[in-house]
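Participant: The file below is run_31.tsv, TSV, C-alpha atoms:
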chain	number	residue	atom	x	y	z
Y	1	MET	CA	15.87	16.36	-10.08
Y	2	SER	CA	15.07	19.36	-7.89
Y	3	ILE	CA	11.42	20.17	-7.11
Y	4	ASN	CA	10.07	23.49	-5.84
Y	5	PHE	CA	7.06	23.74	-3.59
Y	6	GLY	CA	4.87	24.71	-6.55
Y	7	ASP	CA	5.70	21.40	-8.25
Y	8	LEU	CA	4.64	19.22	-5.26
Y	9	SER	CA	1.59	17.02	-5.65
Y	10	LYS	CA	-0.13	14.40	-3.53
Y	11	GLY	CA	1.31	10.95	-4.17
Y	12	MET	CA	4.70	12.29	-5.34
Y	13	VAL	CA	7.75	10.56	-3.84
Y	14	ILE	CA	10.54	12.84	-2.62
Y	15	GLU	CA	13.86	12.02	-1.00
Y	16	LEU	CA	14.75	13.38	2.45
Y	17	GLU	CA	17.60	12.15	4.64
Y	18	ASN	CA	18.39	9.45	2.03
Y	19	GLN	CA	14.95	7.84	2.36
Y	20	PRO	CA	11.86	7.92	0.11
Y	21	TRP	CA	8.84	9.82	1.43
Y	22	GLN	CA	5.43	9.89	-0.25
Y	23	VAL	CA	3.60	13.24	0.00
Y	24	MET	CA	0.17	12.69	1.55
Y	25	ASP	CA	-0.80	16.34	2.00
Y	26	TYR	CA	0.89	19.73	1.96
Y	27	GLU	CA	0.17	23.39	2.57
Y	28	ARG	CA	2.07	26.64	2.48
Y	29	HIS	CA	1.44	29.70	4.67
Y	30	LYS	CA	2.89	33.07	3.97
Y	31	MET	CA	2.50	35.83	6.52
Y	32	GLN	CA	3.41	39.44	5.98
Y	33	GLN	CA	7.13	40.21	6.48
Y	34	ARG	CA	7.97	36.61	7.34
Y	35	ALA	CA	9.42	33.68	5.46
Y	36	PRO	CA	6.82	31.25	4.08
Y	37	VAL	CA	6.14	28.11	6.10
Y	38	THR	CA	5.70	24.83	4.22
Y	39	ARG	CA	4.04	21.92	6.05
Y	40	ILE	CA	4.14	18.48	4.46
Y	41	LYS	CA	2.41	15.36	5.76
Y	42	MET	CA	4.33	12.40	4.35
Y	43	LYS	CA	4.80	8.65	4.69
Y	44	ASN	CA	8.18	6.95	4.87
Y	45	LEU	CA	8.07	4.17	2.27
Y	46	ILE	CA	10.69	2.09	4.09
Y	47	SER	CA	9.38	2.16	7.67
Y	48	GLY	CA	5.75	3.11	7.00
Y	49	ALA	CA	5.90	5.99	9.52
Y	50	VAL	CA	3.68	9.00	8.83
Y	51	VAL	CA	5.10	12.35	9.92
Y	52	GLU	CA	4.40	16.03	9.41
Y	53	LYS	CA	7.45	18.22	8.75
Y	54	THR	CA	7.69	21.98	8.61
Y	55	PHE	CA	10.14	23.85	6.38
Y	56	GLN	CA	10.79	27.57	6.97
Y	57	ARG	CA	12.76	28.99	4.05
Y	58	TYR	CA	12.18	31.11	0.98
Y	59	ASP	CA	13.79	28.55	-1.30
Y	60	THR	CA	12.32	25.25	-0.14
Y	61	ALA	CA	13.41	22.67	-2.71
Y	62	PHE	CA	13.15	18.87	-2.70
Y	63	THR	CA	14.72	16.04	-4.64
Y	64	GLN	CA	12.50	13.57	-6.46
Y	65	ALA	CA	13.23	10.03	-5.30
Y	66	ASP	CA	14.52	7.39	-7.73
Y	67	VAL	CA	11.49	5.07	-7.59
Y	68	ASP	CA	9.98	2.71	-10.11
Y	69	ASN	CA	6.91	0.44	-10.18
Y	70	ARG	CA	6.99	-2.75	-12.27
Y	71	GLN	CA	4.47	-5.50	-12.87
Y	72	ALA	CA	5.36	-8.68	-10.98
Y	73	GLN	CA	3.82	-12.04	-10.14
Y	74	PHE	CA	3.84	-13.49	-6.63
Y	75	LEU	CA	5.35	-16.95	-7.01
Y	76	TYR	CA	5.72	-18.62	-3.61
Y	77	THR	CA	6.97	-18.28	-0.06
Y	78	ASP	CA	9.35	-20.21	2.15
Y	79	THR	CA	9.64	-19.58	5.88
Y	80	ASN	CA	11.64	-16.34	5.53
Y	81	TYR	CA	11.09	-14.81	2.10
Y	82	TYR	CA	8.35	-14.09	-0.43
Y	83	TYR	CA	9.41	-14.46	-4.09
Y	84	PHE	CA	8.19	-12.32	-6.99
Y	85	LEU	CA	8.85	-12.61	-10.74
Y	86	ASP	CA	9.50	-9.29	-12.50
Y	87	GLN	CA	7.41	-9.32	-15.71
Y	88	GLU	CA	9.84	-7.02	-17.58
Y	89	THR	CA	13.22	-8.58	-16.79
Y	90	PHE	CA	12.05	-12.05	-15.65
Y	91	GLU	CA	14.28	-11.77	-12.56
Y	92	GLN	CA	13.16	-13.15	-9.20
Y	93	HIS	CA	13.07	-10.71	-6.30
Y	94	GLU	CA	12.63	-11.62	-2.65
Y	95	LEU	CA	11.00	-9.59	0.11
Y	96	THR	CA	10.69	-10.29	3.84
Y	97	LYS	CA	7.58	-10.30	6.04
Y	98	GLY	CA	8.73	-7.00	7.54
Y	99	GLN	CA	8.89	-5.36	4.13
Y	100	LEU	CA	5.45	-6.62	3.10
Y	101	GLY	CA	3.60	-5.85	6.36
Y	102	ASN	CA	-0.20	-5.92	5.98
Y	103	SER	CA	0.04	-6.78	2.28
Y	104	LEU	CA	0.44	-10.43	3.34
Y	105	ASP	CA	-3.28	-10.53	4.19
Y	106	TYR	CA	-4.11	-10.16	0.49
Y	107	LEU	CA	-1.34	-12.07	-1.36
Y	108	THR	CA	-2.15	-15.36	-3.04
Y	109	GLU	CA	0.08	-17.45	-5.30
Y	110	ASN	CA	0.27	-16.33	-8.95
Y	111	MET	CA	-1.31	-12.96	-8.11
Y	112	MET	CA	-0.23	-10.02	-10.31
Y	113	ILE	CA	0.93	-6.97	-8.32
Y	114	GLU	CA	3.20	-3.97	-8.77
Y	115	LEU	CA	6.68	-4.27	-7.27
Y	116	PHE	CA	7.94	-0.96	-5.84
Y	117	PHE	CA	11.66	-0.28	-6.42
Y	118	TYR	CA	13.82	2.38	-4.72
Y	119	LYS	CA	17.26	2.99	-6.21
Y	120	GLY	CA	16.96	-0.26	-8.17
Y	121	ALA	CA	16.20	-2.49	-5.17
Y	122	PRO	CA	12.72	-3.95	-4.46
Y	123	LEU	CA	11.20	-2.34	-1.39
Y	124	ASN	CA	7.52	-3.22	-1.21
Y	125	VAL	CA	4.45	-4.19	-3.23
Y	126	VAL	CA	1.50	-2.14	-4.47
Y	127	LEU	CA	-1.64	-4.29	-4.35
Y	128	PRO	CA	-4.61	-3.95	-6.68
Y	129	THR	CA	-7.45	-1.99	-5.07
Y	130	HIS	CA	-9.72	-5.06	-5.04
Y	131	VAL	CA	-8.61	-8.66	-4.60
Y	132	GLU	CA	-10.59	-11.88	-4.87
Y	133	LEU	CA	-10.15	-14.33	-1.98
Y	134	LYS	CA	-11.85	-17.61	-1.06
Y	135	VAL	CA	-13.78	-17.97	2.22
Y	136	VAL	CA	-12.44	-20.98	4.14
Y	137	GLU	CA	-14.43	-20.68	7.37
Y	138	THR	CA	-17.63	-18.94	8.44
Y	139	PRO	CA	-20.49	-19.96	10.75
Y	140	PRO	CA	-23.73	-21.13	9.12
Y	141	ALA	CA	-26.68	-18.76	8.77
Y	142	PHE	CA	-29.97	-19.80	10.38
Y	143	LYS	CA	-33.47	-18.94	9.25
Y	144	GLY	CA	-34.50	-15.68	10.87
Y	145	ASP	CA	-30.96	-14.33	11.18
Y	146	THR	CA	-31.38	-12.09	8.14
Y	147	ALA	CA	-34.35	-9.98	9.24
Y	148	GLN	CA	-32.14	-6.90	9.28
Y	149	GLY	CA	-29.63	-8.14	6.67
Y	150	GLY	CA	-27.07	-9.15	9.30
Y	151	ASN	CA	-23.38	-9.90	8.97
Y	152	LYS	CA	-21.10	-12.60	10.31
Y	153	PRO	CA	-17.31	-13.12	10.60
Y	154	ALA	CA	-15.40	-15.06	7.95
Y	155	THR	CA	-11.80	-16.28	7.60
Y	156	LEU	CA	-10.28	-16.04	4.13
Y	157	GLU	CA	-7.63	-18.25	2.50
Y	158	THR	CA	-4.83	-15.87	3.54
Y	159	GLY	CA	-5.91	-15.88	7.20
Y	160	LEU	CA	-7.55	-12.44	7.00
Y	161	ARG	CA	-10.75	-12.12	9.06
Y	162	ILE	CA	-13.51	-9.91	7.66
Y	163	THR	CA	-17.25	-9.40	8.07
Y	164	VAL	CA	-19.48	-10.78	5.32
Y	165	PRO	CA	-23.26	-10.97	4.69
Y	166	MET	CA	-25.19	-13.94	6.08
Y	167	PHE	CA	-25.59	-15.66	2.67
Y	168	VAL	CA	-21.81	-16.19	2.22
Y	169	THR	CA	-20.74	-19.82	2.81
Y	170	PRO	CA	-17.33	-21.57	2.94
Y	171	GLY	CA	-15.90	-21.98	-0.56
Y	172	THR	CA	-17.41	-18.71	-1.83
Y	173	VAL	CA	-15.03	-16.29	-3.55
Y	174	VAL	CA	-15.47	-12.69	-2.38
Y	175	LYS	CA	-14.05	-9.37	-3.55
Y	176	VAL	CA	-12.26	-7.46	-0.77
Y	177	ASP	CA	-10.95	-3.88	-0.71
Y	178	SER	CA	-7.19	-4.16	-0.04
Y	179	ARG	CA	-7.02	-0.63	1.43
Y	180	ASN	CA	-9.31	-1.29	4.40
Y	181	GLY	CA	-10.17	-5.02	4.37
Y	182	GLU	CA	-13.89	-4.54	3.75
Y	183	TYR	CA	-16.17	-6.96	1.90
Y	184	ILE	CA	-17.26	-5.59	-1.51
Y	185	GLU	CA	-19.27	-8.36	-3.19
Y	186	ARG	CA	-19.57	-12.05	-3.93
Y	187	VAL	CA	-17.79	-13.14	-7.11
Y	188	GLY	CA	-19.25	-15.55	-9.68
Will you turn the file into structure tokens for me?
Facilitator:
Amino acid sequence: MSINFGDLSKGMVIELENQPWQVMDYERHKMQQRAPVTRIKMKNLISGAVVEKTFQRYDTAFTQADVDNRQAQFLYTDTNYYYFLDQETFEQHELTKGQLGNSLDYLTENMMIELFFYKGAPLNVVLPTHVELKVVETPPAFKGDTAQGGNKPATLETGLRITVPMFVTPGTVVKVDSRNGEYIERVG
């Protein structure tokens, strides 16, 4: 499906050079007696690279990428692959560490996520905005440490290290923002 510049929106996935690119930002400049200039800041959904491309034509048109998101459950991992169960077709899909990247810091067994497909093949996962993870290690808080409401480092069950308030102890379940790895609140 062909898309004109007027149909572009942030978050839309277009296809350039046989790869999917997600539009992060875009702008169009038109100067008198010159062709319009279209600048698009986009992220390659395969490599993760963020680039800014400029198009200088009157008839800038793009092709919408063949992408699909489906609910899936993270089942387990072996040394090389991470296995997910598609909730629509009940097929198992496998992804590598390279494909998952930083998402590994937030994945726990039986977690529900969205599996991102490009041309029918699984490419990556879309995590929920907030995930609940258990604290496995953090230093103890001592009386007097909390005069200014201090923070301390903590290691979560996935190996992710974050900063938490002084009252958090090992075994506590905390809510973490999966976009930036920040502590949100204590759960339960």
Participant: Distance atom CA of Y:Thr169-atom CA of Y:Leu107, one decimal place?
Facilitator: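 A separation of 21.3 Å between them.
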Participant: Taking only C-alpha atoms into account, name the residue in Y:Glu182, Y:Glu114, Y:Glu94, Y:Glu27 that is nearest to Y:Phe55.
Facilitator: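 For Y:Phe55, the nearest of the given residues is Y:Glu27.
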Participant: Using only C-alpha atoms, can you tell me which of Y:Thr79, Y:Gln19, Y:Asn180, Y:Ser2 comes closest to Y:Asp105?
Facilitator: Y:Asn180
Participant: Which of these, Y:Asn102, Y:Thr158, Y:Asn4, Y:Gln22, has the shortest distance to Y:Ala49 once you count only C-alpha atoms?
Facilitator: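 Ranked by minimum distance to Y:Ala49, first place goes to Y:Gln22.
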Participant: Y:Glu132: which residues within 12 Å, counting only C-alpha atoms, same-chain residues fewer than 3 positions away excluded, as a PyMOL selection string?
Facilitator: chain Y and resi 105-108+111-112+127-129+135+156-158+172-178+181-188
Participant: Hey, which of Y:Gln32, Y:Asn69, Y:Thr77, Y:Thr163 ends up closest to Y:Ile113? Count all atoms listed in the file.
Facilitator: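 Once distances to Y:Ile113 are computed over all atoms listed in the file, the minimum belongs to Y:Asn69.
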Participant: May I ask which of the residues Y:Arg57, Y:Gln64, Y:Gly159, Y:Asp78 is the closest one to Y:Leu104, counting all atoms listed in the file?
Facilitator: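 Looking only at the distances to Y:Leu104, the closest residue turns out to be Y:Gly159.
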Participant: Expressed in Å to a single decimal, how great is the separation between atom CA of Y:Asn110 and atom CA of Y:Pro153?
Facilitator: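 Rounded to one decimal, the two atoms are 26.5 Å apart.
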Participant: Mind giving me the straight-line distance from atom CA of Y:Arg161 to atom CA of Y:Ser103 in Å, one decimal?
Facilitator: 13.8 Å
Participant: Give me, as a ChimeraX atom specification, all polymer residues having an atom no more than 9 Å from Y:Leu100, counting only C-alpha atoms and skipping those fewer than 5 positions away in the same chain.
Facilitator: /Y:82,95,123-125
Participant: Could you list, as a PyMOL selection string, every residue within 12 Å of Y:Glu17, counting all atoms listed in the file and ignoring same-chain residues fewer than 6 positions away?
Facilitator: chain Y and resi 44+62-63+65
Participant: When distances are computed from only C-alpha atoms, which of Y:Gln56, Y:Asn18, Y:Gln92, Y:Ser9 shows the smallest separation from Y:Ala72?
Facilitator: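 Looking only at the distances to Y:Ala72, the closest residue turns out to be Y:Gln92.
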Participant: Quick one: everything within 12 Å of Y:Lys43, counting only C-alpha atoms, minus sequence neighbours fewer than 5 positions away in the same chain. Send it as an MDAnalysis selection string.
Facilitator: chainID Y and resid 10:16 19:25 48:53
Participant: What lies within 10 Å of Y:Pro170 using all atoms listed in the file, ignoring chain neighbours under 6 positions off, as a list in words?
Facilitator: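 So the residues in contact are Lys134, Val135, Val136, Glu137, Thr138, Pro139, Pro140, Ala154, Thr155 and Leu156 of chain Y.
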Participant: Can stretch 119-135 of chain Y be brought up to N, CA, C and O atoms and written out as a PDB file, in the coordinates of the input?
Facilitator:
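Heads up, here's the output in result_11.pdb:
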ATOM      1  N   LYS Y 119      15.858   3.057  -5.801  1.00  0.00           N
ATOM      2  CA  LYS Y 119      17.260   2.990  -6.210  1.00  0.00           C
ATOM      3  C   LYS Y 119      17.619   1.605  -6.750  1.00  0.00           C
ATOM      4  O   LYS Y 119      18.654   1.029  -6.438  1.00  0.00           O
ATOM      5  N   GLY Y 120      16.713   1.015  -7.510  1.00  0.00           N
ATOM      6  CA  GLY Y 120      16.960  -0.260  -8.170  1.00  0.00           C
ATOM      7  C   GLY Y 120      16.730  -1.495  -7.328  1.00  0.00           C
ATOM      8  O   GLY Y 120      16.827  -2.611  -7.828  1.00  0.00           O
ATOM      9  N   ALA Y 121      16.424  -1.341  -6.045  1.00  0.00           N
ATOM     10  CA  ALA Y 121      16.200  -2.490  -5.170  1.00  0.00           C
ATOM     11  C   ALA Y 121      14.706  -2.590  -4.820  1.00  0.00           C
ATOM     12  O   ALA Y 121      14.067  -1.577  -4.544  1.00  0.00           O
ATOM     13  N   PRO Y 122      14.130  -3.815  -4.823  1.00  0.00           N
ATOM     14  CA  PRO Y 122      12.720  -3.950  -4.460  1.00  0.00           C
ATOM     15  C   PRO Y 122      12.501  -3.602  -3.002  1.00  0.00           C
ATOM     16  O   PRO Y 122      13.271  -3.992  -2.133  1.00  0.00           O
ATOM     17  N   LEU Y 123      11.446  -2.822  -2.745  1.00  0.00           N
ATOM     18  CA  LEU Y 123      11.200  -2.340  -1.390  1.00  0.00           C
ATOM     19  C   LEU Y 123       9.877  -2.816  -0.830  1.00  0.00           C
ATOM     20  O   LEU Y 123       9.771  -3.139   0.337  1.00  0.00           O
ATOM     21  N   ASN Y 124       8.847  -2.859  -1.683  1.00  0.00           N
ATOM     22  CA  ASN Y 124       7.520  -3.220  -1.210  1.00  0.00           C
ATOM     23  C   ASN Y 124       6.648  -3.567  -2.415  1.00  0.00           C
ATOM     24  O   ASN Y 124       7.103  -3.513  -3.539  1.00  0.00           O
ATOM     25  N   VAL Y 125       5.391  -3.900  -2.155  1.00  0.00           N
ATOM     26  CA  VAL Y 125       4.450  -4.190  -3.230  1.00  0.00           C
ATOM     27  C   VAL Y 125       3.298  -3.190  -3.191  1.00  0.00           C
ATOM     28  O   VAL Y 125       2.982  -2.638  -2.136  1.00  0.00           O
ATOM     29  N   VAL Y 126       2.707  -2.956  -4.355  1.00  0.00           N
ATOM     30  CA  VAL Y 126       1.500  -2.140  -4.470  1.00  0.00           C
ATOM     31  C   VAL Y 126       0.401  -3.097  -4.927  1.00  0.00           C
ATOM     32  O   VAL Y 126       0.459  -3.629  -6.035  1.00  0.00           O
ATOM     33  N   LEU Y 127      -0.563  -3.339  -4.056  1.00  0.00           N
ATOM     34  CA  LEU Y 127      -1.640  -4.290  -4.350  1.00  0.00           C
ATOM     35  C   LEU Y 127      -2.704  -3.662  -5.239  1.00  0.00           C
ATOM     36  O   LEU Y 127      -2.882  -2.440  -5.226  1.00  0.00           O
ATOM     37  N   PRO Y 128      -3.443  -4.490  -5.979  1.00  0.00           N
ATOM     38  CA  PRO Y 128      -4.610  -3.950  -6.680  1.00  0.00           C
ATOM     39  C   PRO Y 128      -5.625  -3.461  -5.631  1.00  0.00           C
ATOM     40  O   PRO Y 128      -5.624  -3.939  -4.490  1.00  0.00           O
ATOM     41  N   THR Y 129      -6.475  -2.545  -6.013  1.00  0.00           N
ATOM     42  CA  THR Y 129      -7.450  -1.990  -5.070  1.00  0.00           C
ATOM     43  C   THR Y 129      -8.403  -3.068  -4.555  1.00  0.00           C
ATOM     44  O   THR Y 129      -8.739  -3.090  -3.380  1.00  0.00           O
ATOM     45  N   HIS Y 130      -8.815  -3.975  -5.432  1.00  0.00           N
ATOM     46  CA  HIS Y 130      -9.720  -5.060  -5.040  1.00  0.00           C
ATOM     47  C   HIS Y 130      -9.070  -6.399  -5.350  1.00  0.00           C
ATOM     48  O   HIS Y 130      -8.500  -6.570  -6.428  1.00  0.00           O
ATOM     49  N   VAL Y 131      -9.141  -7.319  -4.394  1.00  0.00           N
ATOM     50  CA  VAL Y 131      -8.610  -8.660  -4.600  1.00  0.00           C
ATOM     51  C   VAL Y 131      -9.713  -9.676  -4.346  1.00  0.00           C
ATOM     52  O   VAL Y 131     -10.634  -9.437  -3.565  1.00  0.00           O
ATOM     53  N   GLU Y 132      -9.611 -10.814  -5.027  1.00  0.00           N
ATOM     54  CA  GLU Y 132     -10.590 -11.880  -4.870  1.00  0.00           C
ATOM     55  C   GLU Y 132      -9.975 -12.989  -4.028  1.00  0.00           C
ATOM     56  O   GLU Y 132      -8.916 -13.512  -4.363  1.00  0.00           O
ATOM     57  N   LEU Y 133     -10.645 -13.315  -2.908  1.00  0.00           N
ATOM     58  CA  LEU Y 133     -10.150 -14.330  -1.980  1.00  0.00           C
ATOM     59  C   LEU Y 133     -11.270 -15.307  -1.650  1.00  0.00           C
ATOM     60  O   LEU Y 133     -12.449 -14.952  -1.636  1.00  0.00           O
ATOM     61  N   LYS Y 134     -10.887 -16.536  -1.359  1.00  0.00           N
ATOM     62  CA  LYS Y 134     -11.850 -17.610  -1.060  1.00  0.00           C
ATOM     63  C   LYS Y 134     -12.117 -17.657   0.447  1.00  0.00           C
ATOM     64  O   LYS Y 134     -11.193 -17.577   1.258  1.00  0.00           O
ATOM     65  N   VAL Y 135     -13.372 -17.816   0.818  1.00  0.00           N
ATOM     66  CA  VAL Y 135     -13.780 -17.970   2.220  1.00  0.00           C
ATOM     67  C   VAL Y 135     -13.509 -19.414   2.623  1.00  0.00           C
ATOM     68  O   VAL Y 135     -13.993 -20.340   1.974  1.00  0.00           O
TER      69      VAL Y 135
END
